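Below is one structure; the comments refer to it alone.
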Amino acid sequence: MKKTLLCRGLVGLPLGVALGQIITVIISACVGDGRYYPVVPELTEAMGGELYAVLLQTALCAVMGSGFAMASVIWQMDTWSLARQSGVYFLVSCVLLLPIAYAANWMKHTIGGVLGYIGVFVACFLVVWLLQYLAWQRKIRVMNDRIGGDGGAS
């Protein structure tokens, strides 16, 4: 288990950085004024310059990628129910993402900003969870159909 966590964490580092970079490109394209926005202005101001803000955000994205990759082992806990896996993964995700989002100024530093960010996170988590659940349900149905439609029961 430790080796799996370490390997996933190491793979997650560059994936987190890459995803963070892709998101900044998408956000910059959506703004549509031809400029590149590597970080939110509040982070640049808080860090005293764009370079320091980008360095901090890159490090935070690396930690986030590593954390999410390591947390994915939760889905391999065969003795846990789907509800337990989902609940633990949700809690780990919250504990990981919310402080990073706060430190990177991805949310306003107010109660409303934090609650709004949590609301968006919960909504995104539920949508992704539901889509994954439906995809797995479909895969199971296809496998059952291939082995005779009765799930292998004789």
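Residue numbers start at 1 in each chain; chains themselves are named A, B, ... in the order of the structure tokens; ligands are numbered from 1 in the order shown.
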Tell me, which residues of region 105-138 of chain A carry DSSP helix (DSSP H, G or I), written as a PyMOL selection string? chain A and resi 111-138
Can you write out as a tab-separated table which residues of region 19-97 of chain A fall within 10 Å of region 125-141 of chain A, alongside each residue's closest atom pair and its distance in Å to one decimal, counting only C-alpha atoms and ordering rows by chain and ascending residue number?
```
residue	atom	partner	partner_atom	distance
A:Leu82	CA	A:Tyr133	CA	9.9
A:Ser86	CA	A:Trp129	CA	8.2
A:Phe90	CA	A:Phe125	CA	7.7
A:Ser93	CA	A:Phe125	CA	9.4
```
Serialized selection, N, CA and C atoms, as a CSV table (one decimal), in the first residue's frame:
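Result file is result_22.csv:
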```csv
chain,number,residue,atom,x,y,z
A,82,LEU,N,-19.5,1.3,-1.2
A,82,LEU,CA,-19.4,2.5,-2.1
A,82,LEU,C,-19.7,3.8,-1.3
A,86,SER,N,-17.0,6.7,-1.0
A,86,SER,CA,-17.4,8.0,-1.5
A,86,SER,C,-17.2,9.1,-0.4
A,90,PHE,N,-14.5,12.0,-0.5
A,90,PHE,CA,-15.1,13.4,-0.4
A,90,PHE,C,-14.4,14.2,0.7
A,93,SER,N,-10.8,14.8,-0.2
A,93,SER,CA,-10.7,15.9,-1.2
A,93,SER,C,-10.9,17.3,-0.7
```
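The closest residue to Leu60 (chain A), picked from A:Gly87, A:Gly112, A:Gly32, A:Gly16 and counting only C-alpha atoms, is A:Gly16.
Neighbours of region 96-98 of chain A closer than or equal to 9 Å, with only C-alpha atoms counted and sequence neighbours fewer than 4 positions away skipped, come out as A:Val63, A:Met64, A:Gly67, A:Phe68, A:Leu91, A:Val92, A:Tyr102, A:Ala103, A:Val114, A:Tyr117, A:Ile118.
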Residue contacts of Cys61 (chain A) (9 Å, only C-alpha atoms) excluding same-chain residues fewer than 2 positions away, as a ChimeraX atom specification: /A:13-21,56-59,63-66,100
Keeping only all heavy atoms, write the selected residues as a short mmCIF file (atom, residue, chain, number, x, y, z; two decimals), in the first residue's frame.
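Contents of again.cif, freshly written:
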```
data_model
loop_
_atom_site.label_atom_id
_atom_site.label_comp_id
_atom_site.auth_asym_id
_atom_site.auth_seq_id
_atom_site.Cartn_x
_atom_site.Cartn_y
_atom_site.Cartn_z
N LEU A 13 2.21 14.52 -9.04
CA LEU A 13 2.89 15.82 -8.99
C LEU A 13 2.87 16.52 -10.34
O LEU A 13 2.32 17.63 -10.46
CB LEU A 13 4.33 15.66 -8.50
CG LEU A 13 4.52 15.50 -7.00
CD1 LEU A 13 5.96 15.07 -6.69
CD2 LEU A 13 4.20 16.78 -6.27
N PRO A 14 3.46 15.92 -11.39
CA PRO A 14 3.46 16.62 -12.68
C PRO A 14 2.06 16.73 -13.30
O PRO A 14 1.78 17.69 -14.02
CB PRO A 14 4.40 15.79 -13.56
CG PRO A 14 4.41 14.43 -12.94
CD PRO A 14 4.21 14.67 -11.46
N LEU A 15 1.20 15.77 -13.00
CA LEU A 15 -0.17 15.86 -13.52
C LEU A 15 -0.90 17.06 -12.93
O LEU A 15 -1.64 17.76 -13.63
CB LEU A 15 -0.93 14.57 -13.25
CG LEU A 15 -0.49 13.35 -14.05
CD1 LEU A 15 -1.27 12.11 -13.62
CD2 LEU A 15 -0.63 13.58 -15.54
N GLY A 16 -0.70 17.31 -11.65
CA GLY A 16 -1.31 18.47 -11.00
C GLY A 16 -0.80 19.77 -11.60
O GLY A 16 -1.57 20.69 -11.87
N VAL A 17 0.51 19.84 -11.84
CA VAL A 17 1.10 21.04 -12.44
C VAL A 17 0.56 21.23 -13.86
O VAL A 17 0.17 22.34 -14.24
CB VAL A 17 2.65 20.95 -12.45
CG1 VAL A 17 3.25 22.09 -13.26
CG2 VAL A 17 3.18 20.96 -11.03
N ALA A 18 0.51 20.14 -14.62
CA ALA A 18 0.01 20.23 -16.00
C ALA A 18 -1.46 20.66 -16.02
O ALA A 18 -1.84 21.53 -16.82
CB ALA A 18 0.18 18.88 -16.71
N LEU A 19 -2.26 20.08 -15.16
CA LEU A 19 -3.68 20.44 -15.12
C LEU A 19 -3.85 21.90 -14.71
O LEU A 19 -4.66 22.63 -15.28
CB LEU A 19 -4.44 19.53 -14.16
CG LEU A 19 -5.95 19.70 -14.13
CD1 LEU A 19 -6.56 19.49 -15.51
CD2 LEU A 19 -6.58 18.74 -13.14
N GLY A 20 -3.06 22.35 -13.74
CA GLY A 20 -3.11 23.75 -13.33
C GLY A 20 -2.77 24.68 -14.49
O GLY A 20 -3.41 25.71 -14.69
N GLN A 21 -1.77 24.30 -15.26
CA GLN A 21 -1.36 25.10 -16.43
C GLN A 21 -2.46 25.12 -17.48
O GLN A 21 -2.78 26.17 -18.04
CB GLN A 21 -0.06 24.53 -17.02
CG GLN A 21 0.49 25.31 -18.17
CD GLN A 21 1.01 26.68 -17.77
OE1 GLN A 21 1.36 26.91 -16.62
NE2 GLN A 21 1.04 27.60 -18.71
N LEU A 56 4.19 29.81 -6.29
CA LEU A 56 3.33 29.26 -5.24
C LEU A 56 2.19 28.44 -5.84
O LEU A 56 1.93 27.31 -5.39
CB LEU A 56 2.76 30.38 -4.36
CG LEU A 56 1.76 29.90 -3.29
CD1 LEU A 56 2.41 28.93 -2.31
CD2 LEU A 56 1.15 31.09 -2.56
N GLN A 57 1.53 28.97 -6.84
CA GLN A 57 0.40 28.25 -7.45
C GLN A 57 0.88 26.94 -8.06
O GLN A 57 0.20 25.91 -7.97
CB GLN A 57 -0.28 29.12 -8.50
CG GLN A 57 -1.48 28.42 -9.13
CD GLN A 57 -2.30 29.38 -9.95
OE1 GLN A 57 -3.10 30.11 -9.39
NE2 GLN A 57 -2.08 29.40 -11.25
N THR A 58 2.05 26.94 -8.69
CA THR A 58 2.59 25.71 -9.27
C THR A 58 2.85 24.66 -8.19
O THR A 58 2.50 23.49 -8.35
CB THR A 58 3.88 26.02 -10.06
OG1 THR A 58 3.57 26.96 -11.10
CG2 THR A 58 4.47 24.76 -10.67
N ALA A 59 3.44 25.10 -7.08
CA ALA A 59 3.69 24.17 -5.97
C ALA A 59 2.38 23.64 -5.40
O ALA A 59 2.26 22.44 -5.11
CB ALA A 59 4.51 24.86 -4.88
N VAL A 63 1.07 19.73 -5.22
CA VAL A 63 0.58 19.08 -3.99
C VAL A 63 -0.83 18.54 -4.21
O VAL A 63 -1.15 17.41 -3.81
CB VAL A 63 0.61 20.07 -2.80
CG1 VAL A 63 -0.14 19.51 -1.59
CG2 VAL A 63 2.04 20.41 -2.43
N MET A 64 -1.66 19.33 -4.87
CA MET A 64 -3.03 18.90 -5.13
C MET A 64 -3.06 17.66 -6.03
O MET A 64 -3.78 16.70 -5.74
CB MET A 64 -3.83 20.04 -5.77
CG MET A 64 -5.29 19.72 -5.96
SD MET A 64 -6.25 21.15 -6.50
CE MET A 64 -5.42 21.63 -7.99
N GLY A 65 -2.28 17.67 -7.09
CA GLY A 65 -2.23 16.51 -7.99
C GLY A 65 -1.74 15.27 -7.28
O GLY A 65 -2.30 14.18 -7.44
N SER A 66 -0.71 15.43 -6.46
CA SER A 66 -0.18 14.31 -5.70
C SER A 66 -1.21 13.78 -4.71
O SER A 66 -1.41 12.57 -4.58
CB SER A 66 1.10 14.75 -4.97
OG SER A 66 1.65 13.68 -4.27
N ILE A 100 -5.83 24.66 -0.19
CA ILE A 100 -5.06 25.04 -1.38
C ILE A 100 -5.77 26.14 -2.13
O ILE A 100 -5.16 27.15 -2.53
CB ILE A 100 -4.80 23.81 -2.28
CG1 ILE A 100 -3.78 22.88 -1.61
CG2 ILE A 100 -4.31 24.23 -3.67
CD1 ILE A 100 -3.55 21.57 -2.30
#
```
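The space separating CA of Trp80 (chain A) from CA of Cys94 (chain A) comes to 19.8 Å.
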Would you list the contacts of Val54 (chain A) as a list of chain:residue names, taking every protein, DNA or RNA residue within 7 Å and counting only C-alpha atoms, but skipping same-chain residues closer than 4 positions in sequence? A:Pro38, A:Val39, A:Glu50, A:Thr58
